[in-house]
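Shown below: target23.pdb, with PDB, C-alpha atoms.
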ATOM      1  CA  MET A 175     150.653 200.138 135.096
ATOM      2  CA  THR A 176     148.869 201.360 131.964
ATOM      3  CA  ILE A 177     148.089 205.068 131.836
ATOM      4  CA  LEU A 178     144.655 205.879 130.477
ATOM      5  CA  THR A 179     144.387 208.137 127.461
ATOM      6  CA  ILE A 180     141.388 209.609 125.669
ATOM      7  CA  PRO A 181     141.833 207.324 122.595
ATOM      8  CA  LYS A 182     141.935 204.262 124.874
ATOM      9  CA  LEU A 183     138.793 205.405 126.694
ATOM     10  CA  ALA A 184     136.969 206.172 123.449
ATOM     11  CA  ASP A 185     137.856 202.717 122.130
ATOM     12  CA  ALA A 186     136.745 200.854 125.268
ATOM     13  CA  LEU A 187     133.662 202.905 126.171
ATOM     14  CA  PHE A 188     132.277 203.683 122.713
ATOM     15  CA  LEU A 189     133.944 202.043 119.701
ATOM     16  CA  ARG A 190     133.987 198.410 120.830
ATOM     17  CA  PRO A 191     130.476 198.383 122.366
ATOM     18  CA  ILE A 192     129.061 200.006 119.215
ATOM     19  CA  VAL A 193     130.873 197.708 116.766
ATOM     20  CA  ILE A 194     129.799 194.617 118.721
ATOM     21  CA  ALA A 195     126.236 195.965 118.961
ATOM     22  CA  LEU A 196     126.245 196.381 115.172
ATOM     23  CA  SER A 197     126.495 192.594 114.861
ATOM     24  CA  SER A 198     123.316 192.346 116.947
ATOM     25  CA  LEU A 199     121.741 195.010 114.737
ATOM     26  CA  VAL A 200     122.393 192.934 111.620
ATOM     27  CA  GLN A 201     121.432 189.635 113.283
ATOM     28  CA  THR A 202     118.177 190.922 114.765
ATOM     29  CA  SER A 203     117.198 192.731 111.554
ATOM     30  CA  PHE A 204     117.825 189.525 109.640
ATOM     31  CA  LEU A 205     115.800 187.378 112.059
ATOM     32  CA  SER A 206     112.976 189.917 112.142
ATOM     33  CA  CYS A 207     112.779 189.870 108.346
ATOM     34  CA  VAL A 208     113.049 186.082 107.929
ATOM     35  CA  MET A 209     110.605 185.252 110.730
ATOM     36  CA  SER A 210     108.019 187.898 109.809
ATOM     37  CA  ALA A 211     104.973 186.892 107.790
ATOM     38  CA  ASN A 212     105.155 190.095 105.740
ATOM     39  CA  GLY A 213     108.942 190.188 105.439
ATOM     40  CA  LYS A 214     109.180 193.525 107.234
ATOM     41  CA  VAL A 215     111.709 194.454 109.902
ATOM     42  CA  ASP A 216     110.348 195.203 113.386
ATOM     43  CA  TRP A 217     112.329 197.894 115.238
ATOM     44  CA  ARG A 218     111.474 196.645 118.741
ATOM     45  CA  PRO A 219     113.598 193.458 118.940
ATOM     46  CA  ILE A 220     116.408 195.326 117.196
ATOM     47  CA  THR A 221     116.347 198.060 119.826
ATOM     48  CA  ILE A 222     116.144 195.548 122.674
ATOM     49  CA  CYS A 223     119.141 193.506 121.516
ATOM     50  CA  VAL A 224     121.318 196.430 120.421
ATOM     51  CA  MET A 225     120.716 198.444 123.595
ATOM     52  CA  SER A 226     121.240 195.358 125.783
ATOM     53  CA  ASP A 227     124.597 194.816 124.078
ATOM     54  CA  ILE A 228     125.649 198.406 124.643
ATOM     55  CA  LEU A 229     124.576 198.327 128.291
ATOM     56  CA  ALA A 230     126.245 195.004 129.084
ATOM     57  CA  ILE A 231     129.514 195.635 127.245
ATOM     58  CA  GLY A 232     129.702 199.371 127.839
ATOM     59  CA  GLY A 233     128.844 198.998 131.521
ATOM     60  CA  ASP A 234     131.486 196.307 132.002
ATOM     61  CA  HIS A 235     134.128 198.406 130.234
ATOM     62  CA  LEU A 236     133.122 201.522 132.191
ATOM     63  CA  LYS A 237     133.562 199.724 135.522
ATOM     64  CA  ASP A 238     136.980 198.393 134.490
ATOM     65  CA  ARG A 239     138.198 201.801 133.279
ATOM     66  CA  GLU A 240     136.899 203.571 136.399
ATOM     67  CA  ASP A 241     138.843 201.118 138.566
ATOM     68  CA  GLU A 242     141.916 201.672 136.425
ATOM     69  CA  PHE A 243     141.401 205.444 136.578
ATOM     70  CA  SER A 244     141.081 205.562 140.360
ATOM     71  CA  SER A 245     144.106 203.323 140.925
ATOM     72  CA  HIS A 246     146.496 205.681 139.128
ATOM     73  CA  HIS A 247     147.167 208.945 140.968
ATOM     74  CA  LYS A 248     148.240 210.771 137.796
ATOM     75  CA  ASN A 249     144.710 210.451 136.417
ATOM     76  CA  ALA A 250     143.003 212.105 139.377
ATOM     77  CA  ASN A 251     143.265 215.720 138.201
ATOM     78  CA  ASP A 252     142.749 215.067 134.486
ATOM     79  CA  ARG A 253     139.458 216.806 133.680
ATOM     80  CA  HIS A 254     139.500 215.632 130.076
ATOM     81  CA  LEU A 255     139.498 211.974 131.140
ATOM     82  CA  THR A 256     136.845 212.650 133.769
ATOM     83  CA  SER A 257     134.561 214.231 131.170
ATOM     84  CA  TRP A 258     134.750 211.085 129.010
ATOM     85  CA  PHE A 259     133.422 209.016 131.891
ATOM     86  CA  GLY A 260     130.508 211.447 132.019
ATOM     87  CA  TYR A 261     129.911 211.007 128.279
ATOM     88  CA  ALA A 262     129.913 207.226 128.750
ATOM     89  CA  ARG A 263     127.349 207.386 131.564
ATOM     90  CA  THR A 264     125.123 209.575 129.400
ATOM     91  CA  PHE A 265     125.509 207.107 126.523
ATOM     92  CA  LEU A 266     124.502 204.215 128.776
ATOM     93  CA  THR A 267     121.576 206.177 130.246
ATOM     94  CA  VAL A 268     120.184 206.928 126.782
ATOM     95  CA  SER A 269     120.590 203.244 125.859
ATOM     96  CA  ALA A 270     118.712 202.201 129.011
ATOM     97  CA  VAL A 271     115.849 204.610 128.219
ATOM     98  CA  LEU A 272     115.556 203.264 124.658
ATOM     99  CA  LEU A 273     115.612 199.691 125.965
ATOM    100  CA  ALA A 274     112.847 200.463 128.465
ATOM    101  CA  LEU A 275     110.762 202.166 125.769
ATOM    102  CA  ALA A 276     111.023 199.188 123.440
ATOM    103  CA  LEU A 277     110.142 196.739 126.228
ATOM    104  CA  LEU A 278     107.078 198.791 127.194
ATOM    105  CA  LEU A 279     105.748 198.330 123.664
ATOM    106  CA  CYS A 280     106.310 194.560 123.660
ATOM    107  CA  PRO A 281     104.389 191.611 125.136
ATOM    108  CA  ILE A 282     105.160 190.620 128.735
ATOM    109  CA  SER A 283     106.797 187.442 127.388
ATOM    110  CA  THR A 284     109.438 189.608 125.688
ATOM    111  CA  LEU A 285     110.171 191.386 128.963
ATOM    112  CA  PHE A 286     110.556 188.051 130.746
ATOM    113  CA  THR A 287     112.780 186.625 127.979
ATOM    114  CA  THR A 288     114.991 189.714 127.938
ATOM    115  CA  ALA A 289     115.397 189.544 131.711
ATOM    116  CA  VAL A 290     116.325 185.845 131.635
ATOM    117  CA  PHE A 291     119.013 186.321 128.989
ATOM    118  CA  ALA A 292     120.226 189.837 129.828
ATOM    119  CA  VAL A 293     120.587 189.653 133.617
ATOM    120  CA  PRO A 294     123.543 187.172 133.482
ATOM    121  CA  ALA A 295     125.270 189.502 131.011
ATOM    122  CA  PHE A 296     124.727 192.530 133.253
ATOM    123  CA  LEU A 297     126.019 190.586 136.283
ATOM    124  CA  TRP A 298     128.969 189.113 134.381
ATOM    125  CA  THR A 299     131.679 190.233 136.828
ATOM    126  CA  THR A 300     129.485 190.994 139.859
ATOM    127  CA  PRO A 301     130.060 188.783 142.942
ATOM    128  CA  ILE A 302     126.765 187.059 143.762
ATOM    129  CA  ASP A 303     126.434 186.201 147.449
ATOM    130  CA  LEU A 304     124.919 182.711 147.378
ATOM    131  CA  LYS A 305     124.588 182.494 151.173
ATOM    132  CA  ARG A 306     122.617 185.730 151.347
ATOM    133  CA  PHE A 307     120.438 184.549 148.458
ATOM    134  CA  GLY A 308     119.792 181.328 150.393
ATOM    135  CA  LEU A 309     118.770 183.262 153.503
ATOM    136  CA  ILE A 310     116.324 185.367 151.499
ATOM    137  CA  LEU A 311     114.880 182.228 149.918
ATOM    138  CA  LYS A 312     114.454 180.627 153.345
ATOM    139  CA  ARG A 313     112.607 183.660 154.634
ATOM    140  CA  LEU A 314     110.305 183.597 151.612
ATOM    141  CA  ILE A 315     109.337 179.972 152.227
ATOM    142  CA  GLY A 316     109.132 180.462 156.004
ATOM    143  CA  ILE A 317     112.215 178.546 157.139
ATOM    144  CA  SER A 318     114.159 180.144 159.968
ATOM    145  CA  GLY A 319     117.179 179.220 162.011
ATOM    146  CA  GLU A 320     120.041 180.599 164.008
ATOM    147  CA  LYS A 321     122.527 180.308 161.168
ATOM    148  CA  GLU A 322     120.612 182.721 158.961
ATOM    149  CA  HIS A 323     121.689 185.594 161.214
ATOM    150  CA  GLN A 324     125.361 184.900 160.624
ATOM    151  CA  PRO A 325     127.112 187.296 158.225
ATOM    152  CA  PRO A 326     127.821 185.794 154.791
ATOM    153  CA  THR A 327     131.386 184.860 153.990
ATOM    154  CA  SER A 328     133.274 185.827 150.847
ATOM    155  CA  ALA A 329     133.757 182.152 150.033
ATOM    156  CA  SER A 330     130.091 181.895 149.091
ATOM    157  CA  ALA A 331     130.318 184.635 146.445
ATOM    158  CA  LEU A 332     129.842 183.481 142.848
ATOM    159  CA  VAL A 333     131.193 185.363 139.821
ATOM    160  CA  ILE A 334     129.646 184.135 136.548
ATOM    161  CA  LYS A 335     132.807 184.967 134.594
ATOM    162  CA  ARG A 336     134.790 182.675 136.899
ATOM    163  CA  ILE A 337     132.689 179.547 136.306
ATOM    164  CA  PRO A 338     135.138 177.176 134.523
ATOM    165  CA  GLY A 339     134.575 177.185 130.765
ATOM    166  CA  MET A 340     131.135 178.775 130.989
ATOM    167  CA  LYS A 341     131.945 182.337 129.887
ATOM    168  CA  ALA A 342     131.895 181.526 126.164
ATOM    169  CA  ILE A 343     128.968 179.113 126.475
ATOM    170  CA  PHE A 344     126.826 181.707 128.266
ATOM    171  CA  ASN A 345     127.776 184.214 125.585
ATOM    172  CA  GLY A 346     126.693 181.847 122.805
ATOM    173  CA  ILE A 347     123.386 180.980 124.470
ATOM    174  CA  ILE A 348     122.564 184.634 125.178
ATOM    175  CA  ARG A 349     123.409 185.862 121.687
ATOM    176  CA  GLY A 350     122.167 182.801 119.834
ATOM    177  CA  CYS A 351     119.076 181.451 121.591
ATOM    178  CA  GLY A 352     118.292 184.705 123.410
ATOM    179  CA  THR A 353     118.164 186.871 120.299
ATOM    180  CA  TYR A 354     116.014 184.323 118.458
ATOM    181  CA  ILE A 355     113.504 184.049 121.319
ATOM    182  CA  VAL A 356     113.269 187.841 121.738
ATOM    183  CA  VAL A 357     112.360 188.196 118.047
ATOM    184  CA  LEU A 358     109.954 185.241 118.330
ATOM    185  CA  THR A 359     108.056 186.713 121.288
ATOM    186  CA  VAL A 360     107.775 190.171 119.713
ATOM    187  CA  LEU A 361     106.486 188.885 116.365
ATOM    188  CA  SER A 362     104.120 186.322 117.892
ATOM    189  CA  GLY A 363     102.712 188.997 120.196
ATOM    190  CA  SER A 364     101.919 191.254 117.251
ATOM    191  CA  GLY A 365     100.511 188.418 115.133
ATOM    192  CA  SER A 366     103.120 188.824 112.398
ATOM    193  CA  LEU A 367     105.088 185.604 112.991
ATOM    194  CA  THR A 368     105.330 183.445 109.877
ATOM    195  CA  ASN A 369     104.369 179.777 109.951
ATOM    196  CA  VAL A 370     106.967 178.764 107.359
ATOM    197  CA  LEU A 371     110.429 180.301 107.071
ATOM    198  CA  PRO A 372     111.653 181.208 103.571
ATOM    199  CA  SER A 373     114.089 178.876 101.825
ATOM    200  CA  PRO A 374     116.768 177.892 102.706
ATOM    201  CA  TRP A 375     116.177 178.715 106.393
ATOM    202  CA  SER A 376     114.779 176.703 109.300
ATOM    203  CA  SER A 377     114.457 177.430 113.011
ATOM    204  CA  VAL A 378     117.053 174.771 113.852
ATOM    205  CA  GLN A 379     119.531 176.356 111.447
ATOM    206  CA  LEU A 380     119.042 179.829 112.889
ATOM    207  CA  ILE A 381     119.450 178.726 116.508
ATOM    208  CA  VAL A 382     122.336 176.268 116.077
ATOM    209  CA  TRP A 383     124.277 178.462 113.644
ATOM    210  CA  SER A 384     124.054 181.571 115.814
ATOM    211  CA  THR A 385     124.710 179.790 119.114
ATOM    212  CA  VAL A 386     127.795 177.933 117.870
ATOM    213  CA  ASN A 387     129.094 180.982 115.999
ATOM    214  CA  ARG A 388     128.749 183.302 119.003
ATOM    215  CA  THR A 389     130.259 180.723 121.360
ATOM    216  CA  CYS A 390     133.246 180.206 119.093
ATOM    217  CA  HIS A 391     133.778 183.950 118.742
ATOM    218  CA  ALA A 392     133.743 184.301 122.531
ATOM    219  CA  VAL A 393     136.384 181.571 122.737
ATOM    220  CA  MET A 394     138.455 183.526 120.197
ATOM    221  CA  THR A 395     138.446 186.568 122.476
ATOM    222  CA  ASP A 396     139.706 184.247 125.215
ATOM    223  CA  VAL A 397     142.464 183.109 122.844
ATOM    224  CA  ARG A 398     143.447 186.770 122.532
ATOM    225  CA  ASP A 399     143.688 187.043 126.330
ATOM    226  CA  PHE A 400     145.288 183.623 126.838
ATOM    227  CA  ASP A 401     148.476 184.845 128.531
ATOM    228  CA  ASP A 402     146.678 187.312 130.825
ATOM    229  CA  ASP A 403     144.018 184.747 131.782
ATOM    230  CA  LEU A 404     146.706 182.155 132.511
ATOM    231  CA  LYS A 405     148.465 184.545 134.895
ATOM    232  CA  ALA A 406     145.213 185.652 136.552
ATOM    233  CA  GLY A 407     143.842 182.115 136.829
ATOM    234  CA  VAL A 408     140.685 182.828 134.809
ATOM    235  CA  PRO A 409     139.304 179.395 133.773
ATOM    236  CA  THR A 410     138.402 180.103 130.139
ATOM    237  CA  ILE A 411     138.005 177.332 127.577
ATOM    238  CA  PRO A 412     141.488 177.857 126.025
ATOM    239  CA  ILE A 413     143.009 177.657 129.525
ATOM    240  CA  LEU A 414     141.091 174.432 130.240
ATOM    241  CA  ILE A 415     142.109 172.921 126.875
ATOM    242  CA  GLY A 416     145.709 173.840 127.590
ATOM    243  CA  SER A 417     146.959 175.579 124.441
ATOM    244  CA  VAL A 418     145.981 178.081 121.760
ATOM    245  CA  PHE A 419     146.660 175.600 118.945
ATOM    246  CA  LYS A 420     144.405 172.883 120.403
ATOM    247  CA  THR A 421     141.691 175.483 120.966
ATOM    248  CA  LYS A 422     141.866 176.539 117.312
ATOM    249  CA  VAL A 423     141.556 172.895 116.209
ATOM    250  CA  VAL A 424     138.418 172.506 118.362
ATOM    251  CA  LEU A 425     136.918 175.737 117.011
ATOM    252  CA  THR A 426     137.631 174.668 113.429
ATOM    253  CA  ALA A 427     135.889 171.350 114.079
ATOM    254  CA  CYS A 428     132.837 173.161 115.501
ATOM    255  CA  HIS A 429     132.520 175.450 112.473
ATOM    256  CA  MET A 430     133.019 172.546 110.042
ATOM    257  CA  LEU A 431     130.370 170.439 111.781
ATOM    258  CA  VAL A 432     127.829 173.261 111.509
ATOM    259  CA  MET A 433     128.724 173.773 107.838
ATOM    260  CA  LEU A 434     128.347 170.073 107.049
ATOM    261  CA  ALA A 435     125.079 169.844 108.987
ATOM    262  CA  PHE A 436     123.593 172.681 106.913
ATOM    263  CA  ILE A 437     125.591 172.236 103.708
ATOM    264  CA  GLU A 438     122.503 173.059 101.621
ATOM    265  CA  ASN A 439     122.526 176.623 102.968
ATOM    266  CA  PRO A 440     125.180 178.733 101.162
ATOM    267  CA  TYR A 441     124.888 181.584 103.681
ATOM    268  CA  ILE A 442     125.741 179.378 106.645
ATOM    269  CA  MET A 443     128.494 177.682 104.641
ATOM    270  CA  SER A 444     130.142 181.013 103.741
ATOM    271  CA  SER A 445     129.854 182.227 107.339
ATOM    272  CA  CYS A 446     131.507 179.080 108.698
ATOM    273  CA  LEU A 447     134.349 179.352 106.185
ATOM    274  CA  TYR A 448     134.886 182.993 107.094
ATOM    275  CA  ALA A 449     134.817 182.208 110.835
ATOM    276  CA  THR A 450     137.322 179.365 110.327
ATOM    277  CA  ALA A 451     139.657 181.715 108.456
ATOM    278  CA  MET A 452     139.438 184.173 111.390
ATOM    279  CA  VAL A 453     140.323 181.360 113.807
ATOM    280  CA  TRP A 454     143.667 180.802 112.091
ATOM    281  CA  MET A 455     144.400 184.415 111.150
ATOM    282  CA  LEU A 456     143.923 185.814 114.660
ATOM    283  CA  GLY A 457     145.982 184.923 117.696
ATOM    284  CA  VAL A 458     147.536 185.974 120.975
ATOM    285  CA  HIS A 459     149.588 188.729 119.354
ATOM    286  CA  SER A 460     146.837 190.121 117.101
ATOM    287  CA  PRO A 461     145.575 193.627 117.962
ATOM    288  CA  LYS A 462     142.246 193.758 119.795
ATOM    289  CA  LYS A 463     140.603 195.690 116.981
ATOM    290  CA  ALA A 464     141.346 192.844 114.560
ATOM    291  CA  PHE A 465     139.034 190.584 116.583
ATOM    292  CA  LEU A 466     136.126 192.855 115.659
ATOM    293  CA  LEU A 467     136.313 191.198 112.214
ATOM    294  CA  SER A 468     135.510 187.886 113.896
ATOM    295  CA  THR A 469     132.522 189.541 115.606
ATOM    296  CA  HIS A 470     130.878 189.963 112.195
ATOM    297  CA  SER A 471     131.408 186.446 110.862
ATOM    298  CA  GLN A 472     127.611 186.133 110.554
ATOM    299  CA  SER A 473     126.895 189.711 109.541
ATOM    300  CA  PHE A 474     128.429 189.466 106.066
ATOM    301  CA  SER A 475     126.383 186.367 105.192
ATOM    302  CA  MET A 476     123.194 187.983 106.479
ATOM    303  CA  ILE A 477     123.867 191.135 104.435
ATOM    304  CA  TRP A 478     124.496 188.898 101.423
ATOM    305  CA  TYR A 479     121.067 187.298 101.988
ATOM    306  CA  PHE A 480     119.414 190.753 102.192
ATOM    307  CA  TRP A 481     121.118 191.770  98.965
ATOM    308  CA  MET A 482     120.046 188.581  97.144
ATOM    309  CA  MET A 483     116.491 188.955  98.414
ATOM    310  CA  HIS A 484     116.175 192.473  96.988
ATOM    311  CA  THR A 485     117.816 191.863  93.608
TER     312      THR A 485
END
What does this structure look like when you write it as structure tokens?
Amino acid sequence: MTILTIPKLADALFLRPIVIALSSLVQTSFLSCVMSANGKVDWRPITICVMSDILAIGGDHLKDREDEFSSHHKNANDRHLTSWFGYARTFLTVSAVLLALALLLCPISTLFTTAVFAVPAFLWTTPIDLKRFGLILKRLIGISGEKEHQPPTSASALVIKRIPGMKAIFNGIIRGCGTYIVVLTVLSGSGSLTNVLPSPWSSVQLIVWSTVNRTCHAVMTDVRDFDDDLKAGVPTIPILIGSVFKTKVVLTACHMLVMLAFIENPYIMSSCLYATAMVWMLGVHSPKKAFLLSTHSQSFSMIWYFWMMHT
């Protein structure tokens, strides 16, 4: 059993959530600039997406590390480790306050959109009792019966992460479509949404590129955990495909199709080439930190666009 250390906690509870959230920072800043009529960056969608990332990823990591901490008796009296859990809760609390503040200053459509896309991420590993949900729904519509008083069984519990092949797809939709729609609702609510995107961008490019890119990156993290997922029976896409090599071939095809579809856009083309290189450079035996490079396969192209726009 792995013994927790302060460096491991710092990496899981702070470093990885922050580095992943930085990709949302770049993506949302880019979208805010491109989709704005005046070319200015709006801080509200940036705060919403970055804080949502930190809460979803940091909260998931905190729960896992707390379970690991409590299961090992040698950790129980370690005050230094305990204090880091306190720091993490404070970090998440501050993130939640900033998220709430940004949402309060946005249209109601932004609040609704954020809830639709963020709730599945927050409930990623939480068992959802479908039978209890059905009973509540029946009560709301006025249907009653003897069976609704029976206690729910564990067989009816749904865990989003355990839906076969859907983990990466949900991730891509949340980070691709979700981020775009959050920016769209904020800018349209303030009257600063542009009618025509600057060359060489289009709405289809932004949505498809981001959704496919984020989905493929999520599959790459499943490639990293292939052996562990195979033992635990987690039905990720690489497990369903049957091998790491076949998964990499599929990911390469996805990136190449996006590049060919938008070949006139050099920023998308460079991003797809970079992402494809990461597919073949990273594998089961690569360190976890190396996969953070794959997280930013869009970021470098977006920063390149910012640099070209201001030179």
Could you check how far CA of Thr288 (chain A) sits from CA of Val432 (chain A), in Å to one decimal?
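CA of Val432 (chain A) lies at a distance of 26.6 Å from CA of Thr288 (chain A).
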Selection in question (the file shown): the PyMOL selection byres ((chain A and resi 198) around 9). Which residues does it include, as a ChimeraX atom specification?
/A:194-197,199-203,220,223-224,227,349,353,473
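CA of Asp234 (chain A) lies 7.8 Å from CA of Phe296 (chain A).
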Picked residues, the PyMOL selection byres ((chain A and resi 289) around 12), expected as number ranges by chain
A: 222-223, 226, 273-274, 277, 282-288, 290-297, 348, 352, 355-356
Please list as a PyMOL selection string every residue within 12 Å of Val208 (chain A), counting only C-alpha atoms and excluding residues in the same chain fewer than 5 positions away.
chain A and resi 201-203+213-216+354+357-358+361+366-377+380+476+479-480+483
Using only C-alpha atoms, find the one residue out of A:Trp383, A:Phe344, A:Met209, A:Tyr448 that sits nearest to Leu434 (chain A).
A:Trp383
Separation of CA of Trp454 (chain A) from CA of Val386 (chain A), in Å and rounded to one decimal
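Value for the CA of Trp454 (chain A)-CA of Val386 (chain A) distance: 17.1 Å.
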For a quick check of understanding, using only C-alpha atoms, which of A:Thr485, A:Val378, A:Ser244, A:Phe400 has the smallest distance to Ala435 (chain A)?
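Closest residue, counting only C-alpha atoms: A:Val378.
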The PyMOL selection byres ((chain A and resi 475) around 8) - which residues does that actually catch in the file I just gave you? List them as an MDAnalysis selection string.
chainID A and resid 441:442 444:445 471:474 476:479
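The closest residue to Leu183 (chain A), picked from A:Trp258, A:Ile343, A:Arg253, A:Trp217 and counting only C-alpha atoms, is A:Trp258.
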Measuring atom to atom with all atoms listed in the file, identify which of A:Val271, A:Gly407, A:Leu278, A:Ala186 is nearest to Arg239 (chain A).
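Among the listed residues, the smallest separation from Arg239 (chain A) belongs to A:Ala186.
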Taking all listed atoms of region 339-349 of chain A, build the axis-aligned box, pad each of the six sides by 5 Å, then write its centre and edge lengths in Å to one decimal as AutoDock Vina command-line options.
--center_x 128.6 --center_y 181.5 --center_z 126.3 --size_x 22.0 --size_y 18.7 --size_z 19.3
Identify, on the basis of only C-alpha atoms, every residue whose closest approach to Leu255 (chain A) does not exceed 12 Å; exclude the query and any residue fewer than 5 positions from it along the same chain; express the result as a compact mmCIF listing (two decimals) with C-alpha atoms, in the coordinates of the input.
# COMPACT_ATOMS: atom_id res chain seq x y z
CA ILE A 177 148.09 205.07 131.84
CA LEU A 178 144.66 205.88 130.48
CA THR A 179 144.39 208.14 127.46
CA ILE A 180 141.39 209.61 125.67
CA PRO A 181 141.83 207.32 122.60
CA LYS A 182 141.94 204.26 124.87
CA LEU A 183 138.79 205.40 126.69
CA ALA A 184 136.97 206.17 123.45
CA LEU A 187 133.66 202.90 126.17
CA ARG A 239 138.20 201.80 133.28
CA GLU A 240 136.90 203.57 136.40
CA GLU A 242 141.92 201.67 136.43
CA PHE A 243 141.40 205.44 136.58
CA SER A 244 141.08 205.56 140.36
CA LYS A 248 148.24 210.77 137.80
CA ASN A 249 144.71 210.45 136.42
CA ALA A 250 143.00 212.10 139.38
CA GLY A 260 130.51 211.45 132.02
CA TYR A 261 129.91 211.01 128.28
CA ALA A 262 129.91 207.23 128.75
Rank A:Asp252, A:Asp185, A:Asp399, A:Asp241 by their smallest atom-to-atom distance to Lys463 (chain A), using only C-alpha atoms, and report the top residue only.
A:Asp185
